[in-house]
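Asks: Please see the structure below; I have some questions.
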Amino acid sequence: MPGPDKETDLTERIEAFLSDLKRGGSGTGPLRGSAETARETTALLRRITAQARWSSAGDLMEIIRKEGRRMTAAQRVLKIIREEYARSRGSSEEADQQESLHKLLTSGGLSEENFRQHFAALKANVIEAINELLTELEGTTDNIAMQALEHIHSNEVIMTIGRSRTVEAFLKDAARKRKFHVIVAECAPFCQGHEMATSLSKAGIETTVIADAAIFAVMSRVNKVIIGTQTVLANGGLRAVNGTHTLALAAKHHSTPLIVCAPMFKLSPQFPNEEDTFHKFVSPHEVLPFTEGEILSKVNVHCPVFDYVPPELITLFISNIGGHAPSYIYRLMSELYHPEDHEL
Amino acid sequence: MVLPEDELVEYFRAQMRKDPDMASAVAAIRTLLEFLKRDKGETILGLRENLTWATDCLTGVDSSVAVSSGGELFLRFISLTSLEHQDLSRCKKVMEERGELFLEKISMSRTKVAKLCHTFIKDGAKILTHSYSRVVLRVLEKAAAEKKRFSVYVTESQPDSAGRQMAEALRKLNVPVTVVLDAAVGYVLEKVDLVIVGAEGVVESGGIINKIGTYQMAVCSKAHNKPFYVVAESFKFVRLYPLNQQDVPDKFKYKADTLKTVQNLSEEHPIIDYTPPSLITLLFTDLGVLTPSAVSDELIKLYL
């Protein structure tokens, strides 16, 4: 029977995808681009929507919530479902929006939104909206790159760290019309800065690679710092590749503007409550190889992958919908996510 | 007036006595709801006038910011409802229903805040707090219930030594607590991991009005780079925009009896101060975790 087969196939795919996600970021293979991950996640969720058995929006949300515990993109899909449901019910989206003092005063009952009603068109609508999301995801890098010319001027010295595809596209786009110089911090221990530098110089940009320790020394000659990030947190802070906090502090000290290029799908409703515990650590053999056996028994070696950068150090966020101040992030968050989905 | 002034005040005081854990703003709203039920006015305008008069009476008893903001919110709620129904008696019925609902919702707000905030308290954390705040107490209760180990420093908070009351309540929860002098805040901050305070009122700029000594604590925590968190329910949002300490109206700064009896206010000590938003890291409210810049957005949504 096609029914149960499809379901087992689906569960298998989900399992495979999740284990891949877990392994993918662990540094053994090349670090997965987050754009790819987001795209694949959304495609998977679309498949779930299409195939899994559900008869009402409530069921669908339950399923997605269950599967999406570890995937942030699920929250955006949940938001889409709510919107579509509201639209099909005929009420305005505004009415369903998050709590506000106004709602506190005028709503008719303790609102436990009841999504039980069944709408045939809902499925098609949701799938359409997810497709829109996918197209948006695919176009983000280009959207950001288009804004490059406004921010980079001729004869400027730009500093960046590690390797970010978004920043790469950003700089390459500006290079078509302007002449400027880029300094790349290599970002040990994976030294992704080297690849970035190679790729930039192939595009004809004058590039210099420096060691992370030289960041502060060189900062006085830099006009702007442009970086990418892994995630943008709800308070406007960043979770970026390690070494970024150092870069941000050096930039603050020299009053150099720090620009972060981050597409909208990197926004997360999490707050940095446990700053030391959301780290991911990888095998420390990059820092201290196993051959140094004698030292290993006496020393603790850590190799954190991410850094937290507080919002006060950031000047501007450039995303596919334009430039924003860090204090504006909460607003974007409310547009993208529904507060009930914050705890997945 | 159907409810004469002393009866109104007596009802308010009785509410506060009945449940000492209730916020004064909630008691005020309850009183106003009762007033609404007994009011025999014929027009909406008359009703509003009576309610404004009643709110003034209540602020005369307890001059805290919270009572004033609660009263204003209730008044706003009345005007919103009155726009929807033309017929007065139907209107009143709907108002009463909604009023009860409103009270129910805000009585749950403290639980919501506690749920949001307790995750920010790490195991082994040292917390500094100021004076006696029921919301902060609820947050710490929740964190203790989640089996987190933490210790608390409370400032004594003169002139009414409310800090000691807080310390007592915390000892009952088996939380290690130390009472420190108000002047010792700077001294103790190096040992502390985070600062959590309540608020009597949250102003439009995202700053807060709270017991005197809060501003000092905020400045010191900024200097030491410690996070300064504020926990407040949403009905404390108030339509004020003070730019400095002087801008806070006198009627909030001093206790109600002081305002009535004393001739020269400049010789009195204020009991509250204003903390600007630049010193606050995050605000935890029942509307969610907000950055200070998000507060004005929320206020606009209310008064739209």
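Quick note on naming: the chains in the structure tokens go A, B, ... in the order shown, residues restart at 1 in each chain, and ligands are numbered from 1 in order of appearance.
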In region 50-293 of chain B, what's strand (DSSP E) per DSSP? Answer as a PyMOL selection string?

Replies: chain B and resi 125-130+150-155+177-180+194-197+201-202+208-211+228-231+272-275+282-285+288-290

Asks: Residues of the last selection are to be written out with N, CA and C atoms, as a tab-separated table (two decimals), in the first residue's frame.

Replies:
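Produced file again.tsv, reproduced below:
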chain	number	residue	atom	x	y	z
B	125	ALA	N	24.65	30.52	40.35
B	125	ALA	CA	24.68	31.96	40.13
B	125	ALA	C	24.56	32.73	41.44
B	126	LYS	N	25.12	33.95	41.46
B	126	LYS	CA	24.94	34.83	42.60
B	126	LYS	C	24.13	36.02	42.09
B	127	ILE	N	23.00	36.24	42.73
B	127	ILE	CA	22.08	37.25	42.24
B	127	ILE	C	22.02	38.41	43.22
B	128	LEU	N	21.92	39.62	42.68
B	128	LEU	CA	21.74	40.78	43.53
B	128	LEU	C	20.36	41.34	43.24
B	129	THR	N	19.60	41.65	44.28
B	129	THR	CA	18.32	42.27	44.03
B	129	THR	C	18.09	43.42	45.00
B	130	HIS	N	17.05	44.19	44.77
B	130	HIS	CA	16.85	45.41	45.53
B	130	HIS	C	15.50	45.39	46.19
B	150	PHE	N	21.47	28.67	43.79
B	150	PHE	CA	21.94	30.04	43.61
B	150	PHE	C	21.90	30.71	44.97
B	151	SER	N	22.60	31.82	45.10
B	151	SER	CA	22.52	32.58	46.34
B	151	SER	C	22.17	34.02	46.02
B	152	VAL	N	21.60	34.70	46.99
B	152	VAL	CA	21.05	36.02	46.72
B	152	VAL	C	21.62	37.05	47.68
B	153	TYR	N	21.92	38.23	47.17
B	153	TYR	CA	22.26	39.38	48.01
B	153	TYR	C	21.10	40.35	47.89
B	154	VAL	N	20.56	40.80	49.02
B	154	VAL	CA	19.47	41.78	48.97
B	154	VAL	C	19.91	43.04	49.66
B	155	THR	N	19.58	44.18	49.08
B	155	THR	CA	19.90	45.42	49.78
B	155	THR	C	18.82	45.65	50.81
B	177	VAL	N	20.76	33.62	51.62
B	177	VAL	CA	20.59	35.04	51.32
B	177	VAL	C	21.40	35.89	52.29
B	178	THR	N	21.93	36.99	51.78
B	178	THR	CA	22.70	37.93	52.61
B	178	THR	C	22.10	39.31	52.43
B	179	VAL	N	21.85	39.98	53.56
B	179	VAL	CA	21.35	41.35	53.47
B	179	VAL	C	22.55	42.29	53.48
B	180	VAL	N	22.60	43.20	52.54
B	180	VAL	CA	23.72	44.16	52.50
B	180	VAL	C	23.18	45.57	52.65
B	194	LEU	N	24.60	38.36	38.25
B	194	LEU	CA	23.57	39.14	37.57
B	194	LEU	C	22.71	39.89	38.58
B	195	VAL	N	22.02	40.91	38.10
B	195	VAL	CA	21.18	41.73	38.95
B	195	VAL	C	19.75	41.63	38.43
B	196	ILE	N	18.81	41.30	39.32
B	196	ILE	CA	17.40	41.25	38.91
B	196	ILE	C	16.61	42.17	39.83
B	197	VAL	N	15.84	43.09	39.25
B	197	VAL	CA	14.99	43.94	40.09
B	197	VAL	C	13.58	43.93	39.54
B	201	GLY	N	6.93	50.85	37.87
B	201	GLY	CA	6.35	51.31	36.62
B	201	GLY	C	7.39	51.20	35.52
B	202	VAL	N	6.93	50.92	34.30
B	202	VAL	CA	7.84	50.89	33.16
B	202	VAL	C	7.42	52.04	32.26
B	208	ILE	N	12.78	52.33	33.85
B	208	ILE	CA	11.84	51.92	34.89
B	208	ILE	C	11.82	52.88	36.06
B	209	ILE	N	10.71	52.84	36.78
B	209	ILE	CA	10.60	53.58	38.03
B	209	ILE	C	10.52	52.54	39.12
B	210	ASN	N	11.40	52.64	40.08
B	210	ASN	CA	11.43	51.63	41.12
B	210	ASN	C	11.94	52.26	42.42
B	211	LYS	N	11.95	51.47	43.49
B	211	LYS	CA	12.39	51.95	44.80
B	211	LYS	C	13.72	52.66	44.71
B	228	PHE	N	21.78	43.57	33.81
B	228	PHE	CA	20.80	44.16	34.71
B	228	PHE	C	19.42	43.83	34.17
B	229	TYR	N	18.71	42.89	34.82
B	229	TYR	CA	17.41	42.45	34.31
B	229	TYR	C	16.28	43.04	35.13
B	230	VAL	N	15.19	43.37	34.44
B	230	VAL	CA	14.03	43.91	35.13
B	230	VAL	C	12.86	42.96	34.88
B	231	VAL	N	12.11	42.63	35.93
B	231	VAL	CA	10.91	41.82	35.74
B	231	VAL	C	9.71	42.66	36.10
B	272	ILE	N	11.18	56.85	45.26
B	272	ILE	CA	11.45	56.12	44.02
B	272	ILE	C	12.46	56.90	43.17
B	273	ASP	N	13.05	56.19	42.21
B	273	ASP	CA	13.91	56.88	41.26
B	273	ASP	C	13.70	56.29	39.87
B	274	TYR	N	14.29	56.96	38.89
B	274	TYR	CA	14.12	56.56	37.50
B	274	TYR	C	15.43	55.99	36.96
B	275	THR	N	15.33	54.83	36.32
B	275	THR	CA	16.51	54.21	35.72
B	275	THR	C	16.37	54.27	34.20
B	282	LEU	N	17.71	43.63	29.76
B	282	LEU	CA	16.49	43.04	29.23
B	282	LEU	C	15.34	43.22	30.21
B	283	LEU	N	14.11	43.28	29.65
B	283	LEU	CA	12.94	43.35	30.51
B	283	LEU	C	12.12	42.08	30.33
B	284	PHE	N	11.74	41.44	31.42
B	284	PHE	CA	10.92	40.24	31.33
B	284	PHE	C	9.50	40.61	31.69
B	285	THR	N	8.59	40.49	30.72
B	285	THR	CA	7.21	40.82	31.01
B	285	THR	C	6.34	39.67	30.53
B	288	GLY	N	6.43	38.83	26.97
B	288	GLY	CA	7.63	38.25	26.39
B	288	GLY	C	8.88	38.92	26.92
B	289	VAL	N	10.03	38.46	26.42
B	289	VAL	CA	11.28	39.08	26.82
B	289	VAL	C	11.50	40.25	25.88
B	290	LEU	N	11.68	41.44	26.43
B	290	LEU	CA	11.79	42.63	25.58
B	290	LEU	C	13.10	43.34	25.81

Asks: Just want the 10 Å neighbourhood of region 70-76 of chain B, counted on only C-alpha atoms, with same-chain residues fewer than 4 positions away dropped. Output as a PDB file with C-alpha atoms, in the first residue's frame.

Replies:
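This is the output file around-v8.pdb:
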ATOM      1  CA  LEU A 101      -1.683  45.133  26.085  1.00  0.00           C
ATOM      2  CA  HIS A 102      -4.392  45.927  23.577  1.00  0.00           C
ATOM      3  CA  LEU A 105      -8.094  44.489  27.045  1.00  0.00           C
TER       4      LEU A 105
ATOM      5  CA  SER B  24      -1.491  47.071  44.443  1.00  0.00           C
ATOM      6  CA  ALA B  25      -2.476  47.775  40.859  1.00  0.00           C
ATOM      7  CA  VAL B  26      -4.567  44.600  40.760  1.00  0.00           C
ATOM      8  CA  ALA B  27      -6.323  45.600  43.970  1.00  0.00           C
ATOM      9  CA  ALA B  28      -6.991  49.006  42.465  1.00  0.00           C
ATOM     10  CA  ILE B  29      -8.473  47.487  39.338  1.00  0.00           C
ATOM     11  CA  ARG B  30     -10.631  45.198  41.426  1.00  0.00           C
ATOM     12  CA  THR B  31     -11.892  48.165  43.363  1.00  0.00           C
ATOM     13  CA  LEU B  32     -12.645  50.051  40.180  1.00  0.00           C
ATOM     14  CA  LEU B  33     -14.512  47.066  38.809  1.00  0.00           C
ATOM     15  CA  LEU B  47     -19.254  56.800  34.059  1.00  0.00           C
ATOM     16  CA  ARG B  48     -15.834  57.901  32.875  1.00  0.00           C
ATOM     17  CA  GLU B  49     -15.880  60.950  35.083  1.00  0.00           C
ATOM     18  CA  LEU B  51     -14.087  56.390  37.343  1.00  0.00           C
ATOM     19  CA  THR B  52     -11.497  59.140  36.935  1.00  0.00           C
ATOM     20  CA  ALA B  54     -12.336  57.062  41.839  1.00  0.00           C
ATOM     21  CA  THR B  55      -8.827  56.547  40.440  1.00  0.00           C
ATOM     22  CA  ASP B  56      -7.767  59.873  41.901  1.00  0.00           C
ATOM     23  CA  LEU B  58      -7.103  55.607  45.102  1.00  0.00           C
ATOM     24  CA  THR B  59      -3.908  57.381  44.130  1.00  0.00           C
ATOM     25  CA  VAL B  65       3.006  54.424  39.955  1.00  0.00           C
ATOM     26  CA  ALA B  66       1.452  50.994  39.581  1.00  0.00           C
ATOM     27  CA  LEU B  80     -12.490  50.894  24.081  1.00  0.00           C
ATOM     28  CA  THR B  81     -15.490  48.855  25.116  1.00  0.00           C
ATOM     29  CA  SER B  82     -17.819  51.822  25.054  1.00  0.00           C
ATOM     30  CA  GLY B  99     -13.180  43.239  33.522  1.00  0.00           C
ATOM     31  CA  PHE B 102      -8.850  41.046  32.460  1.00  0.00           C
ATOM     32  CA  GLY B 201       6.350  51.311  36.622  1.00  0.00           C
ATOM     33  CA  SER B 234       2.517  44.427  31.510  1.00  0.00           C
ATOM     34  CA  PHE B 235      -0.072  46.444  33.413  1.00  0.00           C
ATOM     35  CA  LYS B 236       2.760  48.490  34.865  1.00  0.00           C
ATOM     36  CA  PHE B 237       3.483  50.159  31.532  1.00  0.00           C
ATOM     37  CA  VAL B 238       2.860  53.848  32.040  1.00  0.00           C
ATOM     38  CA  ARG B 239       2.620  56.811  29.667  1.00  0.00           C
ATOM     39  CA  LEU B 302      -1.945  49.535  23.376  1.00  0.00           C
ATOM     40  CA  TYR B 303      -2.863  53.105  22.795  1.00  0.00           C
TER      41      TYR B 303
END

Asks: Near Ala144 (chain B), within 12 Å and counting only C-alpha atoms, which residues show up once chain neighbours fewer than 6 positions away are dropped, as a ChimeraX atom specification?

Replies: /B:114,118-119,121-125,137-138,150-152,170-176

Asks: So which one's closest to chain B, A:Asn235, A:Asn223, A:Thr244, A:Ser283? Using only C-alpha atoms, please.

Replies: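 Looking only at the distances to chain B, the closest residue turns out to be A:Asn235.
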
Asks: Write out as a PyMOL selection string the residues lying within 10 Å of Ala174 (chain A), counting only C-alpha atoms and excluding same-chain residues fewer than 6 positions away.

Replies: chain A and resi 145-154+180+205

Asks: Output N, CA, C and O atoms for every residue in that selection, as an mmCIF file, in the first residue's frame.

Replies:
data_model
loop_
_atom_site.group_PDB
_atom_site.id
_atom_site.type_symbol
_atom_site.label_atom_id
_atom_site.label_comp_id
_atom_site.auth_asym_id
_atom_site.auth_seq_id
_atom_site.Cartn_x
_atom_site.Cartn_y
_atom_site.Cartn_z
ATOM 1 N N ALA A 145 24.122 41.004 -1.652
ATOM 2 C CA ALA A 145 25.241 41.469 -2.474
ATOM 3 C C ALA A 145 24.875 42.744 -3.221
ATOM 4 O O ALA A 145 25.722 43.607 -3.439
ATOM 5 N N MET A 146 23.596 42.881 -3.559
ATOM 6 C CA MET A 146 23.193 44.071 -4.307
ATOM 7 C C MET A 146 23.397 45.345 -3.506
ATOM 8 O O MET A 146 23.549 46.418 -4.080
ATOM 9 N N GLN A 147 23.373 45.223 -2.184
ATOM 10 C CA GLN A 147 23.533 46.420 -1.371
ATOM 11 C C GLN A 147 24.987 46.795 -1.157
ATOM 12 O O GLN A 147 25.283 47.783 -0.488
ATOM 13 N N ALA A 148 25.893 46.012 -1.722
ATOM 14 C CA ALA A 148 27.319 46.212 -1.436
ATOM 15 C C ALA A 148 27.810 47.596 -1.815
ATOM 16 O O ALA A 148 28.572 48.214 -1.079
ATOM 17 N N LEU A 149 27.384 48.089 -2.978
ATOM 18 C CA LEU A 149 27.932 49.350 -3.464
ATOM 19 C C LEU A 149 27.652 50.523 -2.538
ATOM 20 O O LEU A 149 28.424 51.477 -2.498
ATOM 21 N N GLU A 150 26.548 50.448 -1.773
ATOM 22 C CA GLU A 150 26.251 51.571 -0.884
ATOM 23 C C GLU A 150 27.215 51.638 0.280
ATOM 24 O O GLU A 150 27.356 52.667 0.920
ATOM 25 N N HIS A 151 27.786 50.494 0.622
ATOM 26 C CA HIS A 151 28.561 50.456 1.854
ATOM 27 C C HIS A 151 30.057 50.459 1.643
ATOM 28 O O HIS A 151 30.805 50.838 2.529
ATOM 29 N N ILE A 152 30.505 50.033 0.474
ATOM 30 C CA ILE A 152 31.955 49.963 0.247
ATOM 31 C C ILE A 152 32.350 51.059 -0.730
ATOM 32 O O ILE A 152 31.756 51.190 -1.799
ATOM 33 N N HIS A 153 33.340 51.845 -0.343
ATOM 34 C CA HIS A 153 33.785 52.938 -1.207
ATOM 35 C C HIS A 153 35.193 52.675 -1.704
ATOM 36 O O HIS A 153 35.884 51.802 -1.195
ATOM 37 N N SER A 154 35.619 53.461 -2.688
ATOM 38 C CA SER A 154 36.932 53.204 -3.286
ATOM 39 C C SER A 154 38.063 53.430 -2.309
ATOM 40 O O SER A 154 37.981 54.302 -1.448
ATOM 41 N N PHE A 180 39.255 48.199 -3.823
ATOM 42 C CA PHE A 180 39.516 48.314 -2.388
ATOM 43 C C PHE A 180 40.381 47.140 -1.949
ATOM 44 O O PHE A 180 40.670 46.242 -2.725
ATOM 45 N N ILE A 205 40.536 40.979 -6.188
ATOM 46 C CA ILE A 205 40.587 41.910 -5.055
ATOM 47 C C ILE A 205 41.925 41.730 -4.356
ATOM 48 O O ILE A 205 42.357 40.613 -4.110
#

Asks: Neighbours of Ser266 (chain B) within 12 Å (only C-alpha atoms; same-chain residues fewer than 3 positions away dropped), as a ChimeraX atom specification?

Replies: /B:246,250,253-254,258-259,262-263,269-270

Asks: Quick check for you: according to DSSP on this backbone, which residues of region 109-240 of chain A are classed as helix (DSSP H, G or I)? Reply as a VMD selection string.

Replies: chain A and resid 120 to 146 148 to 151 165 to 175 192 to 202 212 to 221

Asks: Between A:Ala214, A:Ala234, A:Leu200, A:Cys187, single out the one closest to chain B, counting only C-alpha atoms.

Replies: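 Checking each of A:Ala214, A:Ala234, A:Leu200, A:Cys187 against chain B, counting only C-alpha atoms, the winner is A:Ala234.
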